[in-house]
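Raw entry-v1.csv, CSV, all heavy atoms:
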chain,number,residue,atom,x,y,z
G,289,MET,N,-41.4,110.5,184.3
G,289,MET,CA,-42.5,110.6,185.3
G,289,MET,C,-42.0,111.1,186.6
G,289,MET,O,-42.8,111.9,187.2
G,289,MET,CB,-43.1,109.2,185.4
G,289,MET,CG,-44.3,109.1,186.3
G,289,MET,SD,-45.7,109.9,185.5
G,289,MET,CE,-46.9,109.6,186.6
G,290,SER,N,-40.9,110.8,187.0
G,290,SER,CA,-40.4,111.2,188.3
G,290,SER,C,-40.1,112.7,188.3
G,290,SER,O,-40.3,113.4,189.3
G,290,SER,CB,-39.1,110.5,188.8
G,290,SER,OG,-38.1,110.8,187.9
G,291,GLU,N,-39.7,113.3,187.2
G,291,GLU,CA,-39.5,114.7,187.1
G,291,GLU,C,-40.8,115.5,187.3
G,291,GLU,O,-40.9,116.5,187.9
G,291,GLU,CB,-38.9,115.1,185.7
G,291,GLU,CG,-37.5,114.6,185.5
G,291,GLU,CD,-37.5,113.2,185.0
G,291,GLU,OE1,-38.5,112.6,184.6
G,291,GLU,OE2,-36.4,112.6,185.0
G,292,MET,N,-41.9,114.9,186.7
G,292,MET,CA,-43.2,115.5,186.8
G,292,MET,C,-43.6,115.5,188.3
G,292,MET,O,-44.2,116.5,188.8
G,292,MET,CB,-44.2,114.8,186.0
G,292,MET,CG,-45.6,115.4,186.1
G,292,MET,SD,-46.8,114.4,185.2
G,292,MET,CE,-46.9,115.2,183.6
G,293,LEU,N,-43.4,114.5,189.0
G,293,LEU,CA,-43.8,114.4,190.4
G,293,LEU,C,-42.9,115.4,191.3
G,293,LEU,O,-43.4,116.0,192.2
G,293,LEU,CB,-43.6,113.0,190.9
G,293,LEU,CG,-44.6,111.9,190.4
G,293,LEU,CD1,-44.2,110.5,190.9
G,293,LEU,CD2,-46.0,112.3,190.7
G,294,THR,N,-41.7,115.5,190.9
G,294,THR,CA,-40.8,116.5,191.6
G,294,THR,C,-41.3,117.9,191.4
G,294,THR,O,-41.3,118.7,192.4
G,294,THR,CB,-39.3,116.3,191.1
G,294,THR,OG1,-38.9,115.0,191.2
G,294,THR,CG2,-38.4,117.3,191.8
G,295,VAL,N,-41.7,118.2,190.2
G,295,VAL,CA,-42.2,119.6,189.9
G,295,VAL,C,-43.5,119.8,190.7
G,295,VAL,O,-43.7,120.9,191.3
G,295,VAL,CB,-42.4,119.8,188.4
G,295,VAL,CG1,-43.1,121.1,188.1
G,295,VAL,CG2,-41.0,119.8,187.7
G,296,MET,N,-44.4,118.8,190.6
G,296,MET,CA,-45.7,119.0,191.4
G,296,MET,C,-45.4,119.1,192.9
G,296,MET,O,-46.1,119.9,193.5
G,296,MET,CB,-46.6,117.8,191.1
G,296,MET,CG,-47.1,117.8,189.7
G,296,MET,SD,-48.0,119.3,189.2
G,296,MET,CE,-49.4,119.2,190.4
G,297,ASN,N,-44.5,118.4,193.4
G,297,ASN,CA,-44.1,118.5,194.8
G,297,ASN,C,-43.6,119.9,195.1
G,297,ASN,O,-44.0,120.5,196.1
G,297,ASN,CB,-43.1,117.4,195.2
G,297,ASN,CG,-42.9,117.4,196.7
G,297,ASN,OD1,-43.8,117.7,197.5
G,297,ASN,ND2,-41.7,116.9,197.1
G,298,SER,N,-42.8,120.4,194.2
G,298,SER,CA,-42.3,121.8,194.4
G,298,SER,C,-43.4,122.8,194.4
G,298,SER,O,-43.4,123.8,195.2
G,298,SER,CB,-41.3,122.1,193.4
G,298,SER,OG,-40.2,121.3,193.4
G,299,VAL,N,-44.4,122.7,193.5
G,299,VAL,CA,-45.5,123.6,193.4
G,299,VAL,C,-46.3,123.5,194.6
G,299,VAL,O,-46.8,124.6,195.2
G,299,VAL,CB,-46.3,123.3,192.1
G,299,VAL,CG1,-47.6,124.0,192.1
G,299,VAL,CG2,-45.5,123.6,190.9
G,300,VAL,N,-46.6,122.3,195.1
G,300,VAL,CA,-47.4,122.2,196.4
G,300,VAL,C,-46.7,122.8,197.6
G,300,VAL,O,-47.3,123.5,198.4
G,300,VAL,CB,-47.7,120.7,196.6
G,300,VAL,CG1,-48.3,120.5,198.0
G,300,VAL,CG2,-48.7,120.2,195.6
G,301,GLU,N,-45.4,122.6,197.7
G,301,GLU,CA,-44.6,123.2,198.8
G,301,GLU,C,-44.6,124.7,198.7
G,301,GLU,O,-44.8,125.4,199.7
G,301,GLU,CB,-43.2,122.7,198.7
G,301,GLU,CG,-43.0,121.3,199.2
G,301,GLU,CD,-41.5,120.9,199.2
G,301,GLU,OE1,-40.6,121.8,199.5
G,301,GLU,OE2,-41.2,119.7,199.0
G,302,PHE,N,-44.5,125.3,197.5
G,302,PHE,CA,-44.5,126.7,197.3
G,302,PHE,C,-45.9,127.3,197.7
G,302,PHE,O,-46.0,128.3,198.4
G,302,PHE,CB,-44.2,127.1,195.9
G,302,PHE,CG,-44.3,128.5,195.6
G,302,PHE,CD1,-43.4,129.4,196.1
G,302,PHE,CD2,-45.4,129.0,194.8
G,302,PHE,CE1,-43.5,130.8,195.8
G,302,PHE,CE2,-45.5,130.3,194.5
G,302,PHE,CZ,-44.5,131.2,195.0
G,303,SER,N,-47.0,126.6,197.3
G,303,SER,CA,-48.3,127.0,197.6
G,303,SER,C,-48.6,127.0,199.1
G,303,SER,O,-49.2,127.9,199.6
G,303,SER,CB,-49.3,126.1,196.9
G,303,SER,OG,-49.2,126.2,195.5
G,304,MET,N,-48.1,126.0,199.7
G,304,MET,CA,-48.3,125.9,201.2
G,304,MET,C,-47.5,126.9,201.9
G,304,MET,O,-48.0,127.5,202.9
G,304,MET,CB,-47.9,124.5,201.7
G,304,MET,CG,-48.9,123.4,201.3
G,304,MET,SD,-50.6,123.8,201.7
G,304,MET,CE,-50.5,123.8,203.5
G,305,THR,N,-46.3,127.2,201.4
G,305,THR,CA,-45.5,128.3,202.0
G,305,THR,C,-46.2,129.6,201.9
G,305,THR,O,-46.3,130.4,202.8
G,305,THR,CB,-44.1,128.4,201.4
G,305,THR,OG1,-43.5,127.1,201.5
G,305,THR,CG2,-43.3,129.5,202.0
G,306,CYS,N,-46.8,129.9,200.7
G,306,CYS,CA,-47.5,131.2,200.5
G,306,CYS,C,-48.7,131.2,201.4
G,306,CYS,O,-49.0,132.2,202.0
G,306,CYS,CB,-47.9,131.3,199.1
G,306,CYS,SG,-46.6,131.6,197.9
G,307,PHE,N,-49.5,130.1,201.5
G,307,PHE,CA,-50.7,130.1,202.3
G,307,PHE,C,-50.3,130.3,203.8
G,307,PHE,O,-51.0,131.1,204.5
G,307,PHE,CB,-51.4,128.8,202.1
G,307,PHE,CG,-52.7,128.7,202.9
G,307,PHE,CD1,-53.8,129.4,202.5
G,307,PHE,CD2,-52.8,127.9,204.1
G,307,PHE,CE1,-55.0,129.3,203.1
G,307,PHE,CE2,-54.0,127.9,204.8
G,307,PHE,CZ,-55.1,128.5,204.3
G,308,ASN,N,-49.3,129.7,204.3
G,308,ASN,CA,-48.8,129.8,205.7
G,308,ASN,C,-48.4,131.3,205.9
G,308,ASN,O,-48.7,131.8,207.0
G,308,ASN,CB,-47.7,128.9,206.0
G,308,ASN,CG,-48.2,127.4,206.1
G,308,ASN,OD1,-49.4,127.2,206.4
G,308,ASN,ND2,-47.3,126.5,205.9
G,309,THR,N,-47.7,131.9,205.0
G,309,THR,CA,-47.3,133.3,205.1
G,309,THR,C,-48.5,134.2,205.2
G,309,THR,O,-48.5,135.1,206.1
G,309,THR,CB,-46.4,133.7,204.0
G,309,THR,OG1,-45.3,132.8,203.9
G,309,THR,CG2,-45.9,135.1,204.1
G,310,ILE,N,-49.5,133.9,204.4
G,310,ILE,CA,-50.7,134.8,204.4
G,310,ILE,C,-51.4,134.6,205.7
G,310,ILE,O,-51.9,135.6,206.3
G,310,ILE,CB,-51.6,134.5,203.2
G,310,ILE,CG1,-50.9,134.9,201.9
G,310,ILE,CG2,-52.9,135.1,203.3
G,310,ILE,CD1,-51.5,134.5,200.6
G,311,THR,N,-51.6,133.4,206.1
G,311,THR,CA,-52.4,133.2,207.3
G,311,THR,C,-51.7,133.6,208.6
G,311,THR,O,-52.4,133.8,209.6
G,311,THR,CB,-52.9,131.7,207.4
G,311,THR,OG1,-51.7,130.9,207.4
G,311,THR,CG2,-53.8,131.4,206.3
G,312,THR,N,-50.4,133.7,208.6
G,312,THR,CA,-49.7,134.1,209.9
G,312,THR,C,-49.6,135.6,210.0
G,312,THR,O,-49.3,136.1,211.1
G,312,THR,CB,-48.3,133.5,210.0
G,312,THR,OG1,-47.6,133.8,208.8
G,312,THR,CG2,-48.4,132.0,210.1
G,313,ASN,N,-49.8,136.3,208.9
G,313,ASN,CA,-49.7,137.8,208.9
G,313,ASN,C,-51.1,138.3,209.0
G,313,ASN,O,-52.0,138.1,208.1
G,313,ASN,CB,-49.0,138.3,207.6
G,313,ASN,CG,-48.8,139.8,207.6
G,313,ASN,OD1,-49.6,140.5,208.1
G,313,ASN,ND2,-47.8,140.2,206.9
G,314,PRO,N,-51.4,139.1,210.1
G,314,PRO,CA,-52.8,139.6,210.3
G,314,PRO,C,-53.3,140.5,209.1
G,314,PRO,O,-54.5,140.3,208.7
G,314,PRO,CB,-52.7,140.4,211.5
G,314,PRO,CG,-51.5,140.0,212.2
G,314,PRO,CD,-50.6,139.5,211.1
G,315,ILE,N,-52.5,141.3,208.5
G,315,ILE,CA,-53.0,142.2,207.5
G,315,ILE,C,-53.3,141.3,206.2
G,315,ILE,O,-54.3,141.5,205.6
G,315,ILE,CB,-51.9,143.3,207.2
G,315,ILE,CG1,-51.8,144.2,208.4
G,315,ILE,CG2,-52.3,144.0,205.9
G,315,ILE,CD1,-50.7,145.1,208.3
G,316,LEU,N,-52.4,140.4,205.9
G,316,LEU,CA,-52.6,139.6,204.7
G,316,LEU,C,-53.8,138.6,204.9
G,316,LEU,O,-54.6,138.4,204.0
G,316,LEU,CB,-51.4,138.8,204.4
G,316,LEU,CG,-50.2,139.6,203.8
G,316,LEU,CD1,-49.0,138.7,203.6
G,316,LEU,CD2,-50.5,140.3,202.6
G,317,ALA,N,-54.0,138.2,206.1
G,317,ALA,CA,-55.1,137.3,206.4
G,317,ALA,C,-56.4,138.0,206.3
G,317,ALA,O,-57.4,137.5,205.8
G,317,ALA,CB,-55.0,136.7,207.8
G,318,PHE,N,-56.4,139.3,206.7
G,318,PHE,CA,-57.7,140.1,206.5
G,318,PHE,C,-58.0,140.3,205.1
G,318,PHE,O,-59.2,140.2,204.7
G,318,PHE,CB,-57.4,141.5,207.2
G,318,PHE,CG,-58.6,142.4,207.2
G,318,PHE,CD1,-59.7,142.2,208.0
G,318,PHE,CD2,-58.7,143.5,206.3
G,318,PHE,CE1,-60.9,143.0,207.9
G,318,PHE,CE2,-59.7,144.3,206.2
G,318,PHE,CZ,-60.8,144.1,207.0
G,319,ILE,N,-57.0,140.6,204.2
G,319,ILE,CA,-57.2,140.8,202.8
G,319,ILE,C,-57.7,139.5,202.2
G,319,ILE,O,-58.6,139.4,201.4
G,319,ILE,CB,-55.9,141.3,202.1
G,319,ILE,CG1,-55.6,142.7,202.6
G,319,ILE,CG2,-56.0,141.2,200.6
G,319,ILE,CD1,-54.2,143.2,202.2
G,320,PHE,N,-57.1,138.4,202.6
G,320,PHE,CA,-57.5,137.0,202.1
G,320,PHE,C,-58.9,136.7,202.5
G,320,PHE,O,-59.7,136.3,201.6
G,320,PHE,CB,-56.5,136.0,202.7
G,320,PHE,CG,-56.8,134.6,202.2
G,320,PHE,CD1,-56.6,134.2,200.9
G,320,PHE,CD2,-57.3,133.6,203.1
G,320,PHE,CE1,-56.9,132.9,200.5
G,320,PHE,CE2,-57.5,132.3,202.7
G,320,PHE,CZ,-57.3,132.0,201.4
G,321,ALA,N,-59.3,137.0,203.7
G,321,ALA,CA,-60.7,136.8,204.2
G,321,ALA,C,-61.6,137.6,203.4
G,321,ALA,O,-62.7,137.2,203.1
G,321,ALA,CB,-60.8,137.0,205.7
G,322,GLY,N,-61.3,138.9,203.2
G,322,GLY,CA,-62.1,139.8,202.4
G,322,GLY,C,-62.4,139.3,201.0
G,322,GLY,O,-63.5,139.4,200.5
G,323,SER,N,-61.4,138.7,200.4
G,323,SER,CA,-61.6,138.2,199.0
G,323,SER,C,-62.5,136.9,199.1
G,323,SER,O,-63.3,136.7,198.2
G,323,SER,CB,-60.3,137.8,198.4
G,323,SER,OG,-59.6,136.8,199.0
G,324,LEU,N,-62.4,136.1,200.1
G,324,LEU,CA,-63.3,135.0,200.2
G,324,LEU,C,-64.7,135.4,200.5
G,324,LEU,O,-65.6,134.7,200.0
G,324,LEU,CB,-62.8,134.1,201.4
G,324,LEU,CG,-61.5,133.3,201.1
G,324,LEU,CD1,-61.1,132.4,202.3
G,324,LEU,CD2,-61.6,132.5,199.8
G,325,VAL,N,-64.9,136.5,201.2
G,325,VAL,CA,-66.3,137.0,201.4
G,325,VAL,C,-66.9,137.4,200.0
G,325,VAL,O,-68.1,137.0,199.7
G,325,VAL,CB,-66.3,138.2,202.4
G,325,VAL,CG1,-67.7,138.9,202.4
G,325,VAL,CG2,-65.9,137.7,203.8
G,326,GLY,N,-66.1,138.0,199.2
G,326,GLY,CA,-66.6,138.4,197.9
G,326,GLY,C,-67.0,137.2,197.0
G,326,GLY,O,-68.0,137.2,196.3
G,327,VAL,N,-66.1,136.2,197.1
G,327,VAL,CA,-66.4,134.9,196.3
G,327,VAL,C,-67.7,134.3,196.9
G,327,VAL,O,-68.5,133.8,196.1
G,327,VAL,CB,-65.2,134.0,196.4
G,327,VAL,CG1,-65.5,132.6,195.9
G,327,VAL,CG2,-64.0,134.6,195.7
G,328,GLY,N,-67.8,134.2,198.2
G,328,GLY,CA,-69.0,133.6,198.8
G,328,GLY,C,-70.3,134.3,198.4
G,328,GLY,O,-71.3,133.7,198.1
G,329,ILE,N,-70.3,135.7,198.3
G,329,ILE,CA,-71.4,136.4,197.9
G,329,ILE,C,-71.8,136.1,196.5
G,329,ILE,O,-72.9,135.9,196.1
G,329,ILE,CB,-71.2,137.9,198.2
G,329,ILE,CG1,-71.2,138.2,199.7
G,329,ILE,CG2,-72.3,138.8,197.5
G,329,ILE,CD1,-70.8,139.6,200.0
G,330,SER,N,-70.8,136.1,195.6
G,330,SER,CA,-71.0,135.8,194.2
G,330,SER,C,-71.6,134.4,194.0
G,330,SER,O,-72.5,134.2,193.3
G,330,SER,CB,-69.7,135.9,193.5
G,330,SER,OG,-69.8,135.5,192.2
G,331,VAL,N,-71.1,133.4,194.7
G,331,VAL,CA,-71.6,132.0,194.6
G,331,VAL,C,-73.0,132.0,195.2
G,331,VAL,O,-73.9,131.3,194.5
G,331,VAL,CB,-70.7,131.0,195.4
G,331,VAL,CG1,-71.4,129.7,195.5
G,331,VAL,CG2,-69.4,130.9,194.7
G,332,PHE,N,-73.3,132.7,196.3
G,332,PHE,CA,-74.7,132.7,196.8
G,332,PHE,C,-75.6,133.3,195.8
G,332,PHE,O,-76.8,132.8,195.6
G,332,PHE,CB,-74.7,133.5,198.1
G,332,PHE,CG,-76.1,133.6,198.7
G,332,PHE,CD1,-76.6,132.5,199.3
G,332,PHE,CD2,-76.8,134.7,198.7
G,332,PHE,CE1,-77.9,132.5,199.9
G,332,PHE,CE2,-78.0,134.8,199.3
G,332,PHE,CZ,-78.6,133.7,199.9
G,333,GLN,N,-75.2,134.4,195.1
G,333,GLN,CA,-76.1,135.0,194.1
G,333,GLN,C,-76.4,134.1,193.0
G,333,GLN,O,-77.5,134.0,192.4
G,333,GLN,CB,-75.5,136.3,193.6
G,333,GLN,CG,-75.6,137.4,194.6
G,333,GLN,CD,-74.8,138.7,194.1
G,333,GLN,OE1,-74.0,138.6,193.2
G,333,GLN,NE2,-75.1,139.8,194.8
G,334,GLN,N,-75.4,133.3,192.6
G,334,GLN,CA,-75.6,132.3,191.5
G,334,GLN,C,-76.5,131.3,191.9
G,334,GLN,O,-77.4,130.8,191.1
G,334,GLN,CB,-74.2,131.8,191.0
G,334,GLN,CG,-73.4,132.8,190.3
G,334,GLN,CD,-72.0,132.2,189.9
G,334,GLN,OE1,-71.7,131.0,190.2
G,334,GLN,NE2,-71.2,132.9,189.2
G,335,PHE,N,-76.4,130.8,193.1
G,335,PHE,CA,-77.3,129.7,193.6
G,335,PHE,C,-78.7,130.3,193.7
G,335,PHE,O,-79.7,129.6,193.4
G,335,PHE,CB,-76.9,129.2,195.0
G,335,PHE,CG,-75.8,128.3,195.0
G,335,PHE,CD1,-74.9,128.1,196.1
G,335,PHE,CD2,-75.5,127.5,193.9
G,335,PHE,CE1,-73.9,127.2,196.1
G,335,PHE,CE2,-74.4,126.6,193.8
G,335,PHE,CZ,-73.6,126.5,195.0
G,336,LYS,N,-78.9,131.5,194.2
G,336,LYS,CA,-80.2,132.2,194.3
G,336,LYS,C,-80.8,132.3,192.9
G,336,LYS,O,-82.0,132.1,192.8
G,336,LYS,CB,-80.0,133.5,195.0
G,336,LYS,CG,-81.3,134.2,195.3
G,336,LYS,CD,-81.0,135.5,196.0
G,336,LYS,CE,-82.3,136.3,196.2
G,336,LYS,NZ,-82.0,137.6,196.8
G,337,GLY,N,-80.0,132.7,191.9
G,337,GLY,CA,-80.5,132.8,190.6
G,337,GLY,C,-80.9,131.5,190.0
G,337,GLY,O,-81.9,131.4,189.2
G,338,ALA,N,-80.2,130.4,190.3
G,338,ALA,CA,-80.5,129.1,189.8
G,338,ALA,C,-81.7,128.5,190.4
G,338,ALA,O,-82.4,127.7,189.8
G,338,ALA,CB,-79.3,128.2,190.0
G,339,ALA,N,-82.1,129.0,191.6
G,339,ALA,CA,-83.3,128.4,192.3
G,339,ALA,C,-84.6,128.9,191.7
G,339,ALA,O,-85.6,128.4,192.0
G,339,ALA,CB,-83.2,128.7,193.8
G,340,ARG,N,-84.5,130.0,190.9
G,340,ARG,CA,-85.8,130.6,190.4
G,340,ARG,C,-86.3,129.8,189.3
G,340,ARG,O,-85.9,129.1,188.5
G,340,ARG,CB,-85.5,132.0,189.9
G,340,ARG,CG,-85.2,132.9,191.1
G,340,ARG,CD,-85.1,134.3,190.6
G,340,ARG,NE,-84.8,135.1,191.8
G,340,ARG,CZ,-84.7,136.4,191.8
G,340,ARG,NH1,-84.8,137.1,190.7
G,340,ARG,NH2,-84.4,137.1,192.8
Show me the file's structure as structure tokens.
Amino acid sequence: MSEMLTVMNSVVEFSMTCFNTITTNPILAFIFAGSLVGVGISVFQQFKGAAR
């Protein structure tokens, strides 16, 4: 069980390192924000279609 927690801790640390690297670099942050805009538009279209 402790090995599983160690691996999960490593995965979370790696993810946070990647996220911090992306958000501190202006070019990578712009690309990241652009992808979130696309996801937001897709979700909005699905909500709009579900409301009909």
Take CB of Thr305 in chain G and CD of Glu291 in chain G and report the distance between them in Å, one decimal.
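Result for CB of Thr305 in chain G versus CD of Glu291 in chain G: 23.3 Å, one decimal.
Coordinates place atom C of Ser323 in chain G at a distance of 16.8 Å from CB of Phe335 in chain G.
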Kindly give the distance, in Å, that separates CA of Met289 in chain G and CA of Phe302 in chain G, rounded to a single decimal.
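Between CA of Met289 in chain G and CA of Phe302 in chain G the gap works out to 20.2 Å.
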Residue nearest Phe320 in chain G among G:Phe307, G:Val300, G:Phe332, G:Met292 (counting all atoms listed in the file)
G:Phe307
Could you pull range 306-317 of chain G out of the structure I just pasted and write it to a file containing all heavy atoms, as a JSON list (two decimals), in the first residue's frame?
[["chain", "number", "residue", "atom", "x", "y", "z"],
["G", 306, "CYS", "N", 4.87, 20.12, -14.20],
["G", 306, "CYS", "CA", 4.49, 20.44, -15.58],
["G", 306, "CYS", "C", 3.56, 21.65, -15.62],
["G", 306, "CYS", "O", 3.73, 22.55, -16.45],
["G", 306, "CYS", "CB", 3.81, 19.24, -16.23],
["G", 306, "CYS", "SG", 4.90, 17.87, -16.55],
["G", 307, "PHE", "N", 2.57, 21.68, -14.74],
["G", 307, "PHE", "CA", 1.62, 22.79, -14.72],
["G", 307, "PHE", "C", 2.32, 24.11, -14.39],
["G", 307, "PHE", "O", 2.07, 25.13, -15.02],
["G", 307, "PHE", "CB", 0.51, 22.51, -13.70],
["G", 307, "PHE", "CG", -0.55, 23.56, -13.68],
["G", 307, "PHE", "CD1", -1.50, 23.63, -14.68],
["G", 307, "PHE", "CD2", -0.62, 24.48, -12.65],
["G", 307, "PHE", "CE1", -2.48, 24.59, -14.68],
["G", 307, "PHE", "CE2", -1.60, 25.45, -12.63],
["G", 307, "PHE", "CZ", -2.53, 25.51, -13.65],
["G", 308, "ASN", "N", 3.23, 24.08, -13.43],
["G", 308, "ASN", "CA", 3.96, 25.30, -13.08],
["G", 308, "ASN", "C", 4.85, 25.76, -14.23],
["G", 308, "ASN", "O", 4.98, 26.96, -14.48],
["G", 308, "ASN", "CB", 4.80, 25.08, -11.82],
["G", 308, "ASN", "CG", 3.96, 25.01, -10.58],
["G", 308, "ASN", "OD1", 2.87, 25.56, -10.52],
["G", 308, "ASN", "ND2", 4.45, 24.30, -9.58],
["G", 309, "THR", "N", 5.46, 24.83, -14.94],
["G", 309, "THR", "CA", 6.30, 25.18, -16.08],
["G", 309, "THR", "C", 5.45, 25.82, -17.18],
["G", 309, "THR", "O", 5.86, 26.82, -17.78],
["G", 309, "THR", "CB", 7.01, 23.92, -16.64],
["G", 309, "THR", "OG1", 7.80, 23.36, -15.60],
["G", 309, "THR", "CG2", 7.88, 24.27, -17.82],
["G", 310, "ILE", "N", 4.28, 25.26, -17.42],
["G", 310, "ILE", "CA", 3.41, 25.80, -18.47],
["G", 310, "ILE", "C", 2.92, 27.19, -18.09],
["G", 310, "ILE", "O", 2.90, 28.10, -18.93],
["G", 310, "ILE", "CB", 2.22, 24.84, -18.71],
["G", 310, "ILE", "CG1", 2.72, 23.58, -19.40],
["G", 310, "ILE", "CG2", 1.13, 25.50, -19.54],
["G", 310, "ILE", "CD1", 1.70, 22.48, -19.51],
["G", 311, "THR", "N", 2.51, 27.38, -16.86],
["G", 311, "THR", "CA", 1.93, 28.67, -16.47],
["G", 311, "THR", "C", 2.97, 29.77, -16.30],
["G", 311, "THR", "O", 2.62, 30.95, -16.39],
["G", 311, "THR", "CB", 1.10, 28.54, -15.18],
["G", 311, "THR", "OG1", 1.91, 27.97, -14.16],
["G", 311, "THR", "CG2", -0.12, 27.68, -15.41],
["G", 312, "THR", "N", 4.23, 29.43, -16.10],
["G", 312, "THR", "CA", 5.25, 30.47, -15.97],
["G", 312, "THR", "C", 5.84, 30.89, -17.31],
["G", 312, "THR", "O", 6.45, 31.95, -17.40],
["G", 312, "THR", "CB", 6.39, 30.02, -15.04],
["G", 312, "THR", "OG1", 6.94, 28.81, -15.52],
["G", 312, "THR", "CG2", 5.91, 29.84, -13.62],
["G", 313, "ASN", "N", 5.65, 30.08, -18.35],
["G", 313, "ASN", "CA", 6.14, 30.41, -19.68],
["G", 313, "ASN", "C", 4.99, 31.05, -20.47],
["G", 313, "ASN", "O", 3.96, 30.43, -20.67],
["G", 313, "ASN", "CB", 6.61, 29.13, -20.38],
["G", 313, "ASN", "CG", 7.25, 29.39, -21.72],
["G", 313, "ASN", "OD1", 6.88, 30.33, -22.41],
["G", 313, "ASN", "ND2", 8.18, 28.54, -22.09],
["G", 314, "PRO", "N", 5.15, 32.31, -20.94],
["G", 314, "PRO", "CA", 4.04, 32.99, -21.61],
["G", 314, "PRO", "C", 3.55, 32.29, -22.88],
["G", 314, "PRO", "O", 2.34, 32.24, -23.12],
["G", 314, "PRO", "CB", 4.62, 34.35, -21.97],
["G", 314, "PRO", "CG", 5.82, 34.53, -21.14],
["G", 314, "PRO", "CD", 6.31, 33.17, -20.79],
["G", 315, "ILE", "N", 4.44, 31.72, -23.64],
["G", 315, "ILE", "CA", 4.01, 31.05, -24.88],
["G", 315, "ILE", "C", 3.22, 29.78, -24.56],
["G", 315, "ILE", "O", 2.15, 29.53, -25.13],
["G", 315, "ILE", "CB", 5.24, 30.73, -25.76],
["G", 315, "ILE", "CG1", 5.89, 32.04, -26.21],
["G", 315, "ILE", "CG2", 4.85, 29.88, -26.96],
["G", 315, "ILE", "CD1", 7.22, 31.87, -26.90],
["G", 316, "LEU", "N", 3.74, 28.99, -23.63],
["G", 316, "LEU", "CA", 3.02, 27.77, -23.24],
["G", 316, "LEU", "C", 1.70, 28.10, -22.56],
["G", 316, "LEU", "O", 0.71, 27.38, -22.74],
["G", 316, "LEU", "CB", 3.90, 26.91, -22.33],
["G", 316, "LEU", "CG", 5.13, 26.29, -22.98],
["G", 316, "LEU", "CD1", 5.95, 25.55, -21.94],
["G", 316, "LEU", "CD2", 4.75, 25.37, -24.11],
["G", 317, "ALA", "N", 1.66, 29.17, -21.78],
["G", 317, "ALA", "CA", 0.41, 29.57, -21.13],
["G", 317, "ALA", "C", -0.63, 29.98, -22.16],
["G", 317, "ALA", "O", -1.82, 29.66, -22.01],
["G", 317, "ALA", "CB", 0.67, 30.71, -20.15]]
